[in-house]
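Notes to accompany the following structure.
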Amino acid sequence: MDPEEVELLNDYRYRSYSSVIEKALRNFESSTEWADLISSLGKLNKALQSNLKYSLLPKRLIIGKRLAQCLHPALPSGVHLKALETYEVIFKIIGTKWLAKDLFLYSSGLFPLLGHASMSVKPALLTLYERYYLPLQKSLLPSLQAFVTGLLPGLEEGLEVYDRTDALLLKLSLLVGQKVFYSALWGSVLISPAIRLPASLFIVNHFNKAESGKKQNYMLGSDHKLVMKSIGLSLQDSNVLVQRNMLEILLYFFPFYTCLEPEERSIPINHNEMVNIVSAASLTLLRRDMSLNRRLYAWLLGTDIKGGILAPDPHMSTSVEDHAAFYFEKYSRGLLVQALISILKQKHMEPEVDNVHSYLKPFRILISLLDKPEIGPQIMGDLLLEAIRALYGYCKDMLGKDLLLSSSHGGNQLASIIKENKNASEIIKTVNMLINSLSSDYLWDYMTRCFEACLSMGMSEDQTTTMVNNKSPSVSELCTLIMFLLDVIPLELYSEIQTQYLPQMLNNMLQALHEHIAELSLLELTQGLRACFKVLSKIQMPVAYMDLESEPHDLGEKEPVEAKESPKEEELKEEEEEQDQETMELTREAEPDGEVAVVVPLPPLRSEDSGLGLSTSPSEQFRSSRSSSSGAGGGVCPEKDDVWRKGGSVQNMARCVQDILAVFIGRYLLSPVEEEKREADSGSASPQAQGAKPAGGRKGWESGQISMPQFKEKLTGFFSPLKQKQTPSPEEKKSPTKGEPWEAGCVLQDKANVSESCSQAFAATCQLLLECTTFPVYLSEDETEALYTTVFQEFGNGEGSLPLWLKSLMTLCCFVKDCHVQNVAISTLLELVNHSQSLALVIEDKNRRYKISDNNPFCGRLQMVTVPPINPGVLRIIAEKTDFYPRVAQVLWNQLNMRNREHHITSVELFYKLHCLAPSASICEDIICLALLHRDKGSRLEALFRFSVLWHLTREIQSSRTMSLNRSFDRSLFVVLDSLNSQDGSISAAAQNWLVRAFSLNDVVRILEPVLLLLLHPRTQRSSIACIKQNLTVGNLKVLRHRDRALSRDSVCSSELAESCLSEDSLLSRVTTVDREALWAEVERVPETVGLRQEEEEGRRKEWCC
């Protein structure tokens, strides 16, 4: 209690005055209608004026409450006016001194009134403020913000009191100080959304546009952080007019060319605060309001609302467009990019999974910015990666554990899950709108360049700007994003995406992996290969090529002309060819007489000529030079029309994978022996070795590994006919790695050294190689003819004719100790051999048919041709001049031991596939028979166990004809059946156990079929003498000739078998050779049953005649 009031309480007249006022206040308690309130206010006025001696009113707290209640918005204006009269009576009585002290008591009712008062009340309220509040001056500071908040509703445009309120605010600002006044104003803007419109309008109307913002910085108050927060919230206000006024304030006070300059800026502001303001301003684009967009773009481009230049030096640019481009690039671009990145990352928001609109805002902002050509296209390269990151993160929030990515062909599972989730589906639709706003090739070209830049050890400046103020993506992250995009983005909208852009993208990704494989970890390499496989799974062949007529000047004819016109390009190509000489010598070495073959485009097969539908990539014979646009950093070119032609992206894909495979095997799976290391070091130091090395050759590999030329020379020796033994001994057949020259220069790492990551990377490389070999190319008639000549050419000498990747793969098949890696290598190579054999037959048959008919339906048109990944000539070299097939057969046979039970199924499948694809049916059976007839008892028992595993696991395999030949193991079967009569009880018991189990599994037909076929052989059939005489008399010697041919063929086969077996072991000569296909053909073609029936019918006729 105030001391002066305590002193007045001792005065009986003051106590009487207090009792009168208290009695008047009791009338408010009994009031039931608004008329009663007017009466009570009148009685209170009389009580207050009953004694004007005392300036300190008693019961003033209750008086303030009752008056504030009378100013309730629900009461009529009459009550409000009567209450204002009471306020005026009180203010006259108490004077300025006690009004300043008790301002909070009376202002609590007055300040909120102006916002909801009637037109008759507002002038009276303003009069009260003008008479009694303004004279308080500095005493208003404690309640200044509330006072300003109470006055601002009077600035509504169209009101009669607008000018009066505006003048009152100006007087107030001068009385309390402009900085103090505007600080209170911005504080009101921050906490009271209702007065943001009049407050912003007041600032805009009183800003002198002729002066700079720095000279009028008092309008921003003294608390700069408070101003930035208020502006940020106001830019997100629901009222468009508030946003428009705030954008004008930004345009005047915060131009980009001064906001971060200490000498030019209006108020101190740091970089992060400016980014937050730009983020808030960017959100206004969601309104799709032209007035807001015009002000925002003017702020970003350095112009005024009407398009005038606001740059510090307007004479720097000749036109508004040039100035806008310069201004945006220098001042606005960086801040805008960072602001949009913060929106994408949802830094200042806490979005809920159920509220999908917060997730859609960033993408809709980007769509709106693309409508402004001076802004949107300029920043899209900086934001697209972050937008894709955000998309992946949003979908991860929506789907949770259901977001599973797969590199396989079946990528529709994720799309189905997204369709079931309404929110995720809405996000994907919005992102599709964003992508459709770009050119159809932009996204894939962008991701390709990001992938190449990520693999590069040093990014260029242009590539670095793509990651501006952004966390550089890792290889694994980029691969994940690429696979995610391929699953969720509809690729069917534009046919050229799957037919033109994705092949180029895959080609560039593979080239980047090949160039930077040394810097990648195994995990990164595996992820990169899986991403490439995902891209490959989405590629489709173009339909437009099917009926397209070949150009009069095809690609092969244009090359020399282009070389003449641009000699620099020719020199660049020659340098690239010299650098890749060590991995591209196949084309030159394969030509007879040392001539270099002309590079011919690869002919793809027509759909009707593709046989079983098998298709492969171009052969290793065709090594076209890379075009400058398809190199690293080339990206995707929409104008490129040779994607599926000779030397295009499709033709280079398989070649890149082959190079990656060769480098990977040499880097991670092959290692030299110590002696070869020393020889390599001494050889590289000698002058002769240096002179023999190609000028453009690659540098030596890491320490501890042999160089590429030495590695290639050693691998050439592995499968060279001059270094192979002509007649290996049986011991060498059983143990092919013993005493062979293959180990002379290179050995493979132990199983313990082949890590899981290395195994996965190798499997991914092999899988990608198999898939890349299934794509055709489109060639003209001349190119197709040249291809046929090159593919089926004969190699005079096998040395040097095997490409490096093939040698490396063959080496792994024979020598690696890790069963998983070995099985993957064998499976890959056998699949390539199967493709090559099938496609070679199709190409040869098509070429023969067209030559015989002299009517080529593809004359003058492009043909779809698939080329064997391994040429028939190379396959013949492998079969005739190397012992690759016996070695692999021995490896797979050894895997059927008891220690590798987990690999039995895979080993049996590969062994059977090898048996069907081998050039001779005796290759695999010789190994089995030698093991079954081994002199050592333990070896024979082990062989019986392996044969039992092979027999039972091939039960289902033999029924499905997946190979061109369907061979069986009949010779081995006869040896096992012969073991039933073995004098050794253990061997006989093992054979009996196999037989009993075979009978229990209904294998009687499998066992008896080869025996019955031998009994049905033409040599064992009986014919009557009368039939022979009749055939001699009528001149029908067909049966006899047929038998003679069969006998001669069998004799030749038996003689060849005898010759081949003499070099191996005399045991094989006792094993009968059974060829089921030939026997069935003989049985079906011999017409002796018909002759016997005719003989019986003629004998019956003679008896009847007699």
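Chain labels run A, B, ... following the order of the structure tokens; each chain numbers its residues from 1, and ligands are numbered from 1 in the order shown.
The environment of Ile341 (chain A) within 10 Å, counting only C-alpha atoms and disregarding residues fewer than 3 places along the same chain, consists of Val275, Ser279, Leu335, Leu336, Val337, Gln338, Leu344, Lys345, Gln346, Lys347, Pro362, Asp382, Leu383, Leu384, Glu386, Ala387, Ala390, Asn469 and Asn470 of chain A.
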Residues within 10 Å of Leu977 (chain A), only C-alpha atoms, excluding chain neighbours under 5 positions, as a VMD selection string
chain A and resid 971 to 972 982 988 991 to 992 994 to 995 1007
For the residues in that selection, give me all heavy atoms as an mmCIF file, in the first residue's frame.
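Dumped everything to part-v6.cif:
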data_model
loop_
_atom_site.group_PDB
_atom_site.id
_atom_site.type_symbol
_atom_site.label_atom_id
_atom_site.label_comp_id
_atom_site.auth_asym_id
_atom_site.auth_seq_id
_atom_site.Cartn_x
_atom_site.Cartn_y
_atom_site.Cartn_z
ATOM 1 N N ARG A 971 28.355 -94.141 -69.539
ATOM 2 C CA ARG A 971 29.610 -94.879 -69.362
ATOM 3 C C ARG A 971 29.930 -95.053 -67.889
ATOM 4 O O ARG A 971 30.315 -96.130 -67.446
ATOM 5 C CB ARG A 971 30.739 -94.132 -70.058
ATOM 6 C CG ARG A 971 30.642 -94.145 -71.581
ATOM 7 C CD ARG A 971 31.728 -93.271 -72.173
ATOM 8 N NE ARG A 971 33.050 -93.721 -71.767
ATOM 9 C CZ ARG A 971 34.149 -92.962 -71.820
ATOM 10 N NH1 ARG A 971 34.045 -91.713 -72.211
ATOM 11 N NH2 ARG A 971 35.314 -93.448 -71.470
ATOM 12 N N SER A 972 29.752 -93.969 -67.136
ATOM 13 C CA SER A 972 29.994 -94.057 -65.695
ATOM 14 C C SER A 972 29.002 -95.008 -65.039
ATOM 15 O O SER A 972 29.354 -95.744 -64.101
ATOM 16 C CB SER A 972 29.880 -92.670 -65.063
ATOM 17 O OG SER A 972 30.693 -91.744 -65.735
ATOM 18 N N SER A 982 32.272 -106.612 -58.004
ATOM 19 C CA SER A 982 33.653 -106.460 -57.561
ATOM 20 C C SER A 982 33.978 -107.484 -56.474
ATOM 21 O O SER A 982 33.132 -107.829 -55.629
ATOM 22 C CB SER A 982 33.868 -105.044 -57.039
ATOM 23 O OG SER A 982 35.161 -104.888 -56.527
ATOM 24 N N SER A 988 31.705 -103.385 -53.566
ATOM 25 C CA SER A 988 30.434 -103.982 -53.990
ATOM 26 C C SER A 988 29.282 -103.503 -53.109
ATOM 27 O O SER A 988 28.189 -103.224 -53.602
ATOM 28 C CB SER A 988 30.544 -105.507 -53.937
ATOM 29 O OG SER A 988 29.305 -106.112 -54.257
ATOM 30 N N ALA A 991 28.322 -99.962 -54.072
ATOM 31 C CA ALA A 991 27.540 -99.958 -55.316
ATOM 32 C C ALA A 991 26.122 -100.474 -55.066
ATOM 33 O O ALA A 991 25.150 -99.975 -55.653
ATOM 34 C CB ALA A 991 28.246 -100.802 -56.375
ATOM 35 N N GLN A 992 25.987 -101.482 -54.206
ATOM 36 C CA GLN A 992 24.653 -102.009 -53.892
ATOM 37 C C GLN A 992 23.804 -100.965 -53.154
ATOM 38 O O GLN A 992 22.600 -100.846 -53.412
ATOM 39 C CB GLN A 992 24.791 -103.276 -53.055
ATOM 40 C CG GLN A 992 25.337 -104.475 -53.832
ATOM 41 C CD GLN A 992 25.536 -105.690 -52.947
ATOM 42 O OE1 GLN A 992 25.092 -105.700 -51.799
ATOM 43 N NE2 GLN A 992 26.197 -106.711 -53.470
ATOM 44 N N TRP A 994 23.988 -97.755 -53.507
ATOM 45 C CA TRP A 994 23.525 -96.806 -54.523
ATOM 46 C C TRP A 994 22.361 -97.395 -55.320
ATOM 47 O O TRP A 994 21.378 -96.712 -55.585
ATOM 48 C CB TRP A 994 24.686 -96.471 -55.463
ATOM 49 C CG TRP A 994 24.201 -95.842 -56.742
ATOM 50 C CD1 TRP A 994 23.842 -94.567 -56.926
ATOM 51 C CD2 TRP A 994 23.977 -96.520 -57.987
ATOM 52 N NE1 TRP A 994 23.410 -94.363 -58.206
ATOM 53 C CE2 TRP A 994 23.479 -95.566 -58.894
ATOM 54 C CE3 TRP A 994 24.149 -97.837 -58.424
ATOM 55 C CZ2 TRP A 994 23.164 -95.878 -60.205
ATOM 56 C CZ3 TRP A 994 23.839 -98.149 -59.727
ATOM 57 C CH2 TRP A 994 23.345 -97.182 -60.611
ATOM 58 N N LEU A 995 22.473 -98.675 -55.685
ATOM 59 C CA LEU A 995 21.448 -99.301 -56.521
ATOM 60 C C LEU A 995 20.127 -99.417 -55.763
ATOM 61 O O LEU A 995 19.050 -99.166 -56.330
ATOM 62 C CB LEU A 995 21.924 -100.681 -56.991
ATOM 63 C CG LEU A 995 21.003 -101.412 -57.968
ATOM 64 C CD1 LEU A 995 20.879 -100.616 -59.260
ATOM 65 C CD2 LEU A 995 21.528 -102.824 -58.259
ATOM 66 N N ILE A 1007 18.234 -96.524 -65.319
ATOM 67 C CA ILE A 1007 19.321 -97.503 -65.336
ATOM 68 C C ILE A 1007 19.214 -98.417 -66.556
ATOM 69 O O ILE A 1007 20.233 -98.758 -67.197
ATOM 70 C CB ILE A 1007 19.310 -98.322 -64.025
ATOM 71 C CG1 ILE A 1007 19.570 -97.389 -62.827
ATOM 72 C CG2 ILE A 1007 20.339 -99.430 -64.065
ATOM 73 C CD1 ILE A 1007 19.417 -98.063 -61.481
#
List every residue of region 800-891 of chain A that DSSP, applied to the backbone of this structure, assigns to alpha helix (DSSP H), and report them as JSON, numbers by chain.
{"A": [804, 805, 806, 807, 808, 809, 810, 811, 812, 813, 814, 815, 819, 820, 821, 822, 823, 824, 825, 826, 827, 828, 829, 830, 831, 832, 833, 834, 835, 836, 837, 838, 839, 840, 841, 842, 843, 844, 845, 846, 847, 848, 849, 850, 851, 852, 853, 872, 873, 874, 875, 876, 877, 878, 879, 880, 881, 884, 885, 886, 887, 888, 889, 890, 891]}
Neighbour list for Phe884 (chain A) as a ChimeraX atom specification, cut-off 8 Å, only C-alpha atoms, skip fewer than 2 positions in-chain:
/A:719,810,814,878-879,882,886-888
Could you write those residues out with C-alpha atoms, as a compact mmCIF listing (two decimals), in the first residue's frame?
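Output saved as selection-v1.txt:
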# COMPACT_ATOMS: atom_id res chain seq x y z
CA PHE A 719 45.94 -71.18 -72.32
CA MET A 810 39.23 -69.20 -66.98
CA CYS A 814 40.51 -73.73 -62.56
CA ILE A 878 39.57 -73.23 -75.93
CA ALA A 879 38.29 -76.66 -76.91
CA THR A 882 43.73 -75.81 -74.15
CA PRO A 886 39.10 -81.21 -68.34
CA ARG A 887 40.47 -78.91 -65.67
CA VAL A 888 37.08 -77.45 -64.82
Report as a list in words all protein, DNA and RNA residues lying within 10 Å of region 953-959 of chain A, evaluated on only C-alpha atoms, omitting residues in the same chain fewer than 5 positions from it.
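The residues satisfying every condition are His904, Ile905, Thr906, Ser907, Val908, Glu909, Phe911, Tyr912, Lys913, Phe947, Ser948, Asn966, Arg967, Ser968, Phe969, Leu1001, Asp1003 and Arg1006 of chain A.
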With N, CA and C atoms kept, could you save the residues just selected as a PDB file, in the first residue's frame?
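Everything below was put into part_22.pdb:
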ATOM      1  N   HIS A 904      27.180 -79.057 -52.950  1.00  0.00           N
ATOM      2  CA  HIS A 904      26.916 -80.184 -53.841  1.00  0.00           C
ATOM      3  C   HIS A 904      25.896 -79.831 -54.919  1.00  0.00           C
ATOM      4  N   ILE A 905      24.822 -79.176 -54.539  1.00  0.00           N
ATOM      5  CA  ILE A 905      23.768 -78.879 -55.527  1.00  0.00           C
ATOM      6  C   ILE A 905      24.317 -77.993 -56.639  1.00  0.00           C
ATOM      7  N   THR A 906      25.025 -76.941 -56.246  1.00  0.00           N
ATOM      8  CA  THR A 906      25.600 -76.034 -57.254  1.00  0.00           C
ATOM      9  C   THR A 906      26.642 -76.749 -58.094  1.00  0.00           C
ATOM     10  N   SER A 907      27.480 -77.548 -57.458  1.00  0.00           N
ATOM     11  CA  SER A 907      28.527 -78.239 -58.206  1.00  0.00           C
ATOM     12  C   SER A 907      27.936 -79.226 -59.205  1.00  0.00           C
ATOM     13  N   VAL A 908      26.892 -79.941 -58.826  1.00  0.00           N
ATOM     14  CA  VAL A 908      26.276 -80.909 -59.743  1.00  0.00           C
ATOM     15  C   VAL A 908      25.628 -80.175 -60.920  1.00  0.00           C
ATOM     16  N   GLU A 909      24.953 -79.082 -60.644  1.00  0.00           N
ATOM     17  CA  GLU A 909      24.342 -78.320 -61.738  1.00  0.00           C
ATOM     18  C   GLU A 909      25.397 -77.835 -62.719  1.00  0.00           C
ATOM     19  N   PHE A 911      28.416 -79.117 -63.133  1.00  0.00           N
ATOM     20  CA  PHE A 911      29.067 -80.265 -63.765  1.00  0.00           C
ATOM     21  C   PHE A 911      28.214 -80.793 -64.921  1.00  0.00           C
ATOM     22  N   TYR A 912      26.914 -80.855 -64.714  1.00  0.00           N
ATOM     23  CA  TYR A 912      26.044 -81.320 -65.787  1.00  0.00           C
ATOM     24  C   TYR A 912      26.005 -80.328 -66.943  1.00  0.00           C
ATOM     25  N   LYS A 913      26.000 -79.039 -66.616  1.00  0.00           N
ATOM     26  CA  LYS A 913      26.014 -78.032 -67.677  1.00  0.00           C
ATOM     27  C   LYS A 913      27.319 -78.100 -68.465  1.00  0.00           C
ATOM     28  N   PHE A 947      29.738 -90.199 -57.288  1.00  0.00           N
ATOM     29  CA  PHE A 947      28.809 -90.563 -58.352  1.00  0.00           C
ATOM     30  C   PHE A 947      27.384 -90.672 -57.816  1.00  0.00           C
ATOM     31  N   SER A 948      27.253 -91.169 -56.595  1.00  0.00           N
ATOM     32  CA  SER A 948      25.923 -91.247 -56.004  1.00  0.00           C
ATOM     33  C   SER A 948      25.313 -89.862 -55.846  1.00  0.00           C
ATOM     34  N   ASN A 966      21.595 -82.795 -74.600  1.00  0.00           N
ATOM     35  CA  ASN A 966      21.128 -83.346 -73.328  1.00  0.00           C
ATOM     36  C   ASN A 966      21.825 -84.676 -73.118  1.00  0.00           C
ATOM     37  N   ARG A 967      23.002 -84.617 -72.522  1.00  0.00           N
ATOM     38  CA  ARG A 967      23.829 -85.804 -72.362  1.00  0.00           C
ATOM     39  C   ARG A 967      23.585 -86.445 -71.006  1.00  0.00           C
ATOM     40  N   SER A 968      23.986 -87.705 -70.951  1.00  0.00           N
ATOM     41  CA  SER A 968      23.856 -88.461 -69.703  1.00  0.00           C
ATOM     42  C   SER A 968      25.208 -89.062 -69.351  1.00  0.00           C
ATOM     43  N   PHE A 969      25.250 -89.744 -68.214  1.00  0.00           N
ATOM     44  CA  PHE A 969      26.490 -90.337 -67.711  1.00  0.00           C
ATOM     45  C   PHE A 969      26.388 -91.865 -67.821  1.00  0.00           C
ATOM     46  N   LEU A1001      13.826 -94.860 -55.526  1.00  0.00           N
ATOM     47  CA  LEU A1001      13.423 -93.568 -56.091  1.00  0.00           C
ATOM     48  C   LEU A1001      12.956 -93.709 -57.537  1.00  0.00           C
ATOM     49  N   ASP A1003      14.229 -95.218 -60.233  1.00  0.00           N
ATOM     50  CA  ASP A1003      15.231 -94.968 -61.266  1.00  0.00           C
ATOM     51  C   ASP A1003      15.475 -96.193 -62.145  1.00  0.00           C
ATOM     52  N   ARG A1006      15.890 -95.119 -65.743  1.00  0.00           N
ATOM     53  CA  ARG A1006      17.167 -94.451 -65.980  1.00  0.00           C
ATOM     54  C   ARG A1006      18.308 -95.442 -66.090  1.00  0.00           C
TER      55      ARG A1006
END
Determine, counting only C-alpha atoms, which protein, DNA and RNA residues have an atom within 8 Å of an atom of region 500-503 of chain A; residues of the same chain fewer than 6 positions away are not included. Present the result as a list in words.
Asp441, Trp444, Asp445, Val535, Leu536, Lys538, Ile539, Val636, Cys637, Pro638, Val643, Ser649 and Val650 of chain A
Set the distance at 9 Å and use only C-alpha atoms: which residues neighbour Leu235 (chain A) once local chain neighbours fewer than 3 positions away are removed? I'd like the list as a PyMOL selection string.
chain A and resi 230-232+238+240+242-247+277+280-284
So, counting only C-alpha atoms, which residue among A:Gly873, A:Ser472, A:Trp644, A:Asn894 is closest to Leu779 (chain A)?
A:Trp644
Which residues are near region 30-42 of chain A? Cut-off 8 Å, only C-alpha atoms, ignore same chain within fewer than 6 positions. Put them as a CSV table (one decimal) with all heavy atoms, in the first residue's frame.
chain,number,residue,atom,x,y,z
A,24,ALA,N,-21.4,2.5,-4.1
A,24,ALA,CA,-21.7,2.6,-5.5
A,24,ALA,C,-21.2,1.4,-6.3
A,24,ALA,O,-21.8,0.9,-7.3
A,24,ALA,CB,-21.0,3.8,-6.1
A,70,CYS,N,-17.2,-3.5,-18.0
A,70,CYS,CA,-18.2,-2.7,-18.7
A,70,CYS,C,-17.8,-2.5,-20.2
A,70,CYS,O,-18.6,-2.1,-21.0
A,70,CYS,CB,-18.5,-1.4,-18.1
A,70,CYS,SG,-19.3,-1.5,-16.5
A,75,LEU,N,-21.1,-6.2,-24.9
A,75,LEU,CA,-22.0,-5.2,-24.4
A,75,LEU,C,-22.2,-4.1,-25.5
A,75,LEU,O,-21.4,-3.9,-26.3
A,75,LEU,CB,-21.4,-4.5,-23.2
A,75,LEU,CG,-21.3,-5.4,-21.9
A,75,LEU,CD1,-20.6,-4.7,-20.8
A,75,LEU,CD2,-22.7,-5.9,-21.5
A,76,PRO,N,-23.4,-3.4,-25.5
A,76,PRO,CA,-23.7,-2.4,-26.5
A,76,PRO,C,-22.8,-1.2,-26.3
A,76,PRO,O,-22.1,-1.0,-25.3
A,76,PRO,CB,-25.1,-2.0,-26.3
A,76,PRO,CG,-25.4,-2.4,-24.8
A,76,PRO,CD,-24.5,-3.6,-24.5
A,78,GLY,N,-23.6,1.9,-25.9
A,78,GLY,CA,-24.0,2.8,-24.8
A,78,GLY,C,-23.3,2.5,-23.6
A,78,GLY,O,-22.9,3.5,-22.8
A,79,VAL,N,-23.1,1.3,-23.2
A,79,VAL,CA,-22.4,0.9,-22.0
A,79,VAL,C,-20.9,1.4,-22.2
A,79,VAL,O,-20.3,1.9,-21.2
A,79,VAL,CB,-22.5,-0.6,-21.7
A,79,VAL,CG1,-21.7,-0.9,-20.4
A,79,VAL,CG2,-23.9,-1.0,-21.5
A,82,LYS,N,-20.6,5.1,-21.7
A,82,LYS,CA,-20.7,5.5,-20.3
A,82,LYS,C,-19.5,5.1,-19.5
A,82,LYS,O,-19.1,5.9,-18.6
A,82,LYS,CB,-22.0,4.8,-19.7
A,82,LYS,CG,-22.4,5.3,-18.4
A,82,LYS,CD,-22.9,6.8,-18.5
A,82,LYS,CE,-23.5,7.3,-17.2
A,82,LYS,NZ,-23.9,8.7,-17.3
A,83,ALA,N,-18.9,4.0,-19.8
A,83,ALA,CA,-17.7,3.6,-19.1
A,83,ALA,C,-16.5,4.5,-19.5
A,83,ALA,O,-15.7,4.9,-18.6
A,83,ALA,CB,-17.3,2.2,-19.5
A,86,THR,N,-16.8,7.5,-17.4
A,86,THR,CA,-16.2,7.3,-16.0
A,86,THR,C,-14.7,7.4,-16.0
A,86,THR,O,-14.1,7.9,-15.1
A,86,THR,CB,-16.7,5.9,-15.6
A,86,THR,OG1,-18.1,5.8,-15.7
A,86,THR,CG2,-16.3,5.7,-14.1
Which of these, A:Ser495, A:Ser521, A:Thr448, A:Ser139, has the shortest distance to Ser476 (chain A) once you count only C-alpha atoms?
A:Ser521
In Å, rounded to a single decimal, give me how far CA of Val874 (chain A) is from CA of Arg667 (chain A).
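Here the two named atoms are 25.1 Å from each other.
Here CA of Asp883 (chain A) is placed at a distance of 21.9 Å from CA of Leu933 (chain A).
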Please report the interatomic distance between CA of Met290 (chain A) and CA of Lys361 (chain A) in Å with one decimal.
18.0 Å
